[in-house]
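Inspection log for the structure reproduced underneath, given as structure tokens.
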Amino acid sequence: MPKHCWMVRAEGGTLVDAFEEKGVVALGWRQVPDLTLATSREAVRELYSKAYPQHGSRKQIQAVAMLFGFRVQVKEGDRAVTYDPEHRRYLIGEIASDYVFDPKTIQGYPHIRKVNWIGKVSRDDLSVESKKALGPPPTYFSIDSDVAGDLEDALAGHPLGTKDAVAEAEELSQVKEDYEANSIELIKDRILLLDEQEMEKLVAAVLRAMGYRARVTPQGPDRGVDVTASKDGLGLEAPRIKAEVKHRPNTPIGSQDVRSFIGGLREGDRGLYVSTGGFTKDAKYEADRSLIPLTLVTLDDLVLLIKDHYERFDVDGRVLLPLVPIYMPG
């Protein structure tokens with residue numbers, strides 16, 4: 001087995017023919033100069049910063065990691081893999097050179113490693129897990145040893161992709177669960193970037209998507225209730241919902257805060273307490289013993305509500321939290 005296996009994407013497949021014909025894999029960032037002498041991550045970062053001063057820190061970190069890896073971590077004898085989406089197959093080869101800076105071989109892709117291409121593997125010959133691991137993004141990454149082994153087996157004529165329907169369905173189900181779990185965490189990350197006022201507007205948007213007429217109450221000291229909602233919008237028709245929203249990600253709400261909120265509720269009200277920092281055990285006890293119905297909503301609960309009702313979000317809610325659907329086999 002080779003030391004390592006590296007994926008180098010061919011710009012959405014548009015460079016596959018060039019990679020194969022010229023016997024290379026290549027990265028872009030054409031404004032970044034020759035990295036031959038840049039043998040440390042800091043040296044690569046310095047050259048990248050000068051070439052792209054307008055790029056934000058996150059974009060810079062990702063690009064520097066890929067350029068550094070391609071320059072320093074890849075070794076002769078390692079496996080190189082690139083994907084041909086038109087024919088749904090992977091080209092597999094062996095790295096045949098050290099890093100080369102050559103702006104002429106492939107226009108716009110000057111950072112090069114020469115490759116001896118060995119063969120091609122159909123995507124259909126791989127396991128579901130390998131297909132998932134090899135899917136985009138990023139442009140360049142190290143391929144897990146199990147996935148590399150799957151590719152080697154398929155290259156040798158022993159594909160793992162021809163499984164029975166039950167095994168295929170089980171793997172697809174696991175992939176779906178992984179995607180769903182990851183999507184929940186990403187939505188939580190996005191919510192935590194909102195400020196307190198935006199959080200209140202998001203809760204109001206969720207209630208509107210659930211069929212209520214909801215509005216954020218005017219700003220002011222000790223107002224007690226952040227969002228009100230009802231079927232008629234006036235609070236004359238039950239249920240009449242009053243919501244408190246606390247956006248303190250690292251601070252659980254305690255029993256005293258919950259008792260204070262309950263104290264402001266009246267007969268006919270329905271309480272909703274949203275806390276991105278969660279609730280203490282005593283706070284949950286206070287909510288359970290409340291004579292006025294009160295629901296505690298954690299960050300996880302809020303995300304599930306958003307996912308369940310996002311299709312009915314209005315424009316204001318979608319601007320606060322832009323989400324896109326992901327389609328996958330059923």
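Residue names in the structure tokens use chain letters A, B, ... in the order shown, residue numbers from 1 in each chain, and ligand numbers from 1 in the order shown.
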
Subject >> Within 12 Å of A:Glu267 using only C-alpha atoms, minus same-chain residues under 2 positions, as number ranges by chain >> reply: A: 238-242, 262-265, 269-271, 290-293

Near A:His111, counting only C-alpha atoms, which residues have an atom at most 8 Å away, once you skip same-chain residues fewer than 5 positions from it, shown as an mmCIF file with N, CA and C atoms, in the first residue's frame?
data_model
loop_
_atom_site.group_PDB
_atom_site.id
_atom_site.type_symbol
_atom_site.label_atom_id
_atom_site.label_comp_id
_atom_site.auth_asym_id
_atom_site.auth_seq_id
_atom_site.Cartn_x
_atom_site.Cartn_y
_atom_site.Cartn_z
ATOM 1 N N ALA A 26 -3.035 19.444 -10.016
ATOM 2 C CA ALA A 26 -2.645 20.842 -9.839
ATOM 3 C C ALA A 26 -3.662 21.590 -8.997
ATOM 4 N N LEU A 27 -3.173 22.605 -8.284
ATOM 5 C CA LEU A 27 -4.018 23.527 -7.534
ATOM 6 C C LEU A 27 -3.920 24.910 -8.162
ATOM 7 N N GLY A 28 -4.982 25.703 -7.972
ATOM 8 C CA GLY A 28 -5.032 27.047 -8.529
ATOM 9 C C GLY A 28 -4.310 28.079 -7.678
ATOM 10 N N ARG A 30 -3.529 31.176 -8.494
ATOM 11 C CA ARG A 30 -2.453 31.547 -9.413
ATOM 12 C C ARG A 30 -1.680 32.780 -8.972
ATOM 13 N N ASP A 34 5.709 30.963 -6.395
ATOM 14 C CA ASP A 34 6.406 29.685 -6.221
ATOM 15 C C ASP A 34 6.567 29.343 -4.736
ATOM 16 N N TYR A 99 7.055 18.976 -5.373
ATOM 17 C CA TYR A 99 6.269 20.144 -5.780
ATOM 18 C C TYR A 99 6.957 20.884 -6.924
ATOM 19 N N VAL A 100 6.162 21.302 -7.910
ATOM 20 C CA VAL A 100 6.670 22.061 -9.056
ATOM 21 C C VAL A 100 5.795 23.294 -9.255
ATOM 22 N N PHE A 101 6.426 24.436 -9.461
ATOM 23 C CA PHE A 101 5.690 25.659 -9.816
ATOM 24 C C PHE A 101 5.824 25.862 -11.321
ATOM 25 N N ASP A 102 4.693 25.725 -12.024
ATOM 26 C CA ASP A 102 4.717 25.818 -13.488
ATOM 27 C C ASP A 102 3.410 26.453 -13.974
ATOM 28 N N PRO A 103 3.412 27.761 -14.257
ATOM 29 C CA PRO A 103 2.201 28.452 -14.694
ATOM 30 C C PRO A 103 1.754 28.080 -16.102
#

Shell around stretch 320-323 of chain A at 10 Å using only C-alpha atoms, local window under 6 positions removed, as a short mmCIF file (atom, residue, chain, number, x, y, z; two decimals) with C-alpha atoms, in the first residue's frame:
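What ended up in selection-v3.cif:
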data_model
loop_
_atom_site.label_atom_id
_atom_site.label_comp_id
_atom_site.auth_asym_id
_atom_site.auth_seq_id
_atom_site.Cartn_x
_atom_site.Cartn_y
_atom_site.Cartn_z
CA SER A 183 -26.94 19.82 9.57
CA ILE A 187 -27.80 25.38 12.04
CA ARG A 190 -25.55 29.89 12.59
CA ILE A 191 -28.15 30.67 15.27
CA LEU A 194 -27.39 36.11 16.01
CA GLU A 198 -32.36 38.86 16.13
CA MET A 199 -33.05 35.85 18.34
CA LYS A 201 -37.24 37.95 15.75
CA LEU A 202 -36.31 34.34 14.93
CA ALA A 205 -40.73 33.83 12.79
CA ILE A 306 -37.15 25.43 12.62
CA LYS A 307 -36.52 22.31 10.50
CA TYR A 310 -39.02 26.19 7.71
CA GLU A 311 -41.04 25.70 4.50
CA PHE A 313 -41.06 30.74 7.09
#

Subject >> Residues within 9 Å of A:Phe19, only C-alpha atoms, excluding chain neighbours under 4 positions, as a VMD selection string >> reply: chain A and resid 10 15 23 to 26 82 106 115

Print the selection's residues with N, CA and C atoms to a file, as an mmCIF file, in the first residue's frame.
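Just written: result.cif:
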data_model
loop_
_atom_site.group_PDB
_atom_site.id
_atom_site.type_symbol
_atom_site.label_atom_id
_atom_site.label_comp_id
_atom_site.auth_asym_id
_atom_site.auth_seq_id
_atom_site.Cartn_x
_atom_site.Cartn_y
_atom_site.Cartn_z
ATOM 1 N N ALA A 10 -10.520 18.166 -9.866
ATOM 2 C CA ALA A 10 -10.187 18.782 -11.147
ATOM 3 C C ALA A 10 -11.193 19.872 -11.500
ATOM 4 N N LEU A 15 -11.082 19.807 -15.504
ATOM 5 C CA LEU A 15 -9.653 19.649 -15.764
ATOM 6 C C LEU A 15 -9.216 18.190 -15.819
ATOM 7 N N GLY A 23 -0.353 14.367 -17.251
ATOM 8 C CA GLY A 23 0.257 13.578 -16.184
ATOM 9 C C GLY A 23 0.547 14.386 -14.940
ATOM 10 N N VAL A 24 -0.462 15.131 -14.464
ATOM 11 C CA VAL A 24 -0.269 15.980 -13.286
ATOM 12 C C VAL A 24 -1.559 16.027 -12.465
ATOM 13 N N VAL A 25 -1.424 16.538 -11.244
ATOM 14 C CA VAL A 25 -2.537 17.117 -10.497
ATOM 15 C C VAL A 25 -2.081 18.528 -10.135
ATOM 16 N N ALA A 26 -3.035 19.444 -10.016
ATOM 17 C CA ALA A 26 -2.645 20.842 -9.839
ATOM 18 C C ALA A 26 -3.662 21.590 -8.997
ATOM 19 N N THR A 82 -8.295 11.739 -8.533
ATOM 20 C CA THR A 82 -9.137 12.848 -8.962
ATOM 21 C C THR A 82 -10.416 12.266 -9.538
ATOM 22 N N ILE A 106 -0.900 24.016 -17.060
ATOM 23 C CA ILE A 106 -2.354 24.210 -17.066
ATOM 24 C C ILE A 106 -2.609 25.654 -16.660
ATOM 25 N N VAL A 115 2.233 13.108 -12.018
ATOM 26 C CA VAL A 115 1.564 11.861 -11.641
ATOM 27 C C VAL A 115 1.687 10.831 -12.761
#

Shell around A:Ser145 at 8 Å using only C-alpha atoms, local window under 4 positions removed, as a PDB file with N, CA and C atoms, in the first residue's frame:
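Contents of result_22.pdb, freshly written:
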ATOM      1  N   HIS A   4       0.366   7.386   1.514  1.00  0.00           N
ATOM      2  CA  HIS A   4      -0.848   8.165   1.695  1.00  0.00           C
ATOM      3  C   HIS A   4      -1.616   8.250   0.383  1.00  0.00           C
ATOM      4  N   CYS A   5      -2.864   8.644   0.503  1.00  0.00           N
ATOM      5  CA  CYS A   5      -3.716   8.791  -0.672  1.00  0.00           C
ATOM      6  C   CYS A   5      -4.351  10.179  -0.609  1.00  0.00           C
ATOM      7  N   GLY A 149      -8.215   1.932   0.798  1.00  0.00           N
ATOM      8  CA  GLY A 149      -8.236   0.489   0.596  1.00  0.00           C
ATOM      9  C   GLY A 149      -9.364   0.065  -0.326  1.00  0.00           C
TER      10      GLY A 149
END

**OP:** Could you check how far atom CA of A:Thr217 sits from atom CA of A:Asp282, in Å to one decimal?
**Re:** 27.9 Å

Subject >> Counting only C-alpha atoms, the residue of A:Ala38, A:Ile95, A:Ala209, A:Ala154 that sits nearest A:Arg123 >> reply: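 Checking each of A:Ala38, A:Ile95, A:Ala209, A:Ala154 against A:Arg123, counting only C-alpha atoms, the winner is A:Ala154.
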
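Atom CA of A:Arg113 to atom CA of A:His158 spans 28.6 Å [interatomic distance, one decimal].
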
Original post:
Counting only C-alpha atoms, what is within 8 Å of stretch 63-78 of chain A, bar same-chain residues fewer than 6 positions away, as a PyMOL selection string?
Top reply: chain A and resi 2-6+27+35-36+39-41+44-45+48+94-99+140-141

Output C-alpha atoms for every residue in that selection, as a compact mmCIF listing (two decimals), in the first residue's frame.
# COMPACT_ATOMS: atom_id res chain seq x y z
CA PRO A 2 1.21 3.56 -0.72
CA LYS A 3 2.10 5.86 2.17
CA HIS A 4 -0.85 8.17 1.69
CA CYS A 5 -3.72 8.79 -0.67
CA TRP A 6 -4.69 12.33 -1.72
CA LEU A 27 -4.02 23.53 -7.53
CA LEU A 35 6.20 27.71 -2.95
CA THR A 36 9.42 25.76 -3.49
CA THR A 39 8.49 24.62 3.74
CA SER A 40 6.51 25.85 6.77
CA ARG A 41 2.85 26.71 7.19
CA VAL A 44 2.88 29.63 2.95
CA ARG A 45 0.53 31.89 4.94
CA TYR A 48 -0.89 33.80 0.50
CA GLU A 94 1.15 7.66 -8.23
CA ILE A 95 2.82 10.94 -7.31
CA ALA A 96 5.99 11.09 -9.43
CA SER A 97 7.64 14.36 -8.41
CA ASP A 98 8.23 16.88 -5.71
CA TYR A 99 6.27 20.14 -5.78
CA TYR A 140 -7.72 18.81 -1.83
CA PHE A 141 -7.66 16.47 1.15

Original post:
Could you pull out the alpha helix (DSSP H) residues of stretch 75-200 of chain A from DSSP and send them as a count of residues only?
Top reply: 50

Subject >> Residue with smallest distance to A:Pro159 - pool A:Ser122, A:Gln62, A:Asn250, A:Gln219, counting only C-alpha atoms >> reply: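 Using only C-alpha atoms, the shortest distance to A:Pro159 belongs to A:Ser122.
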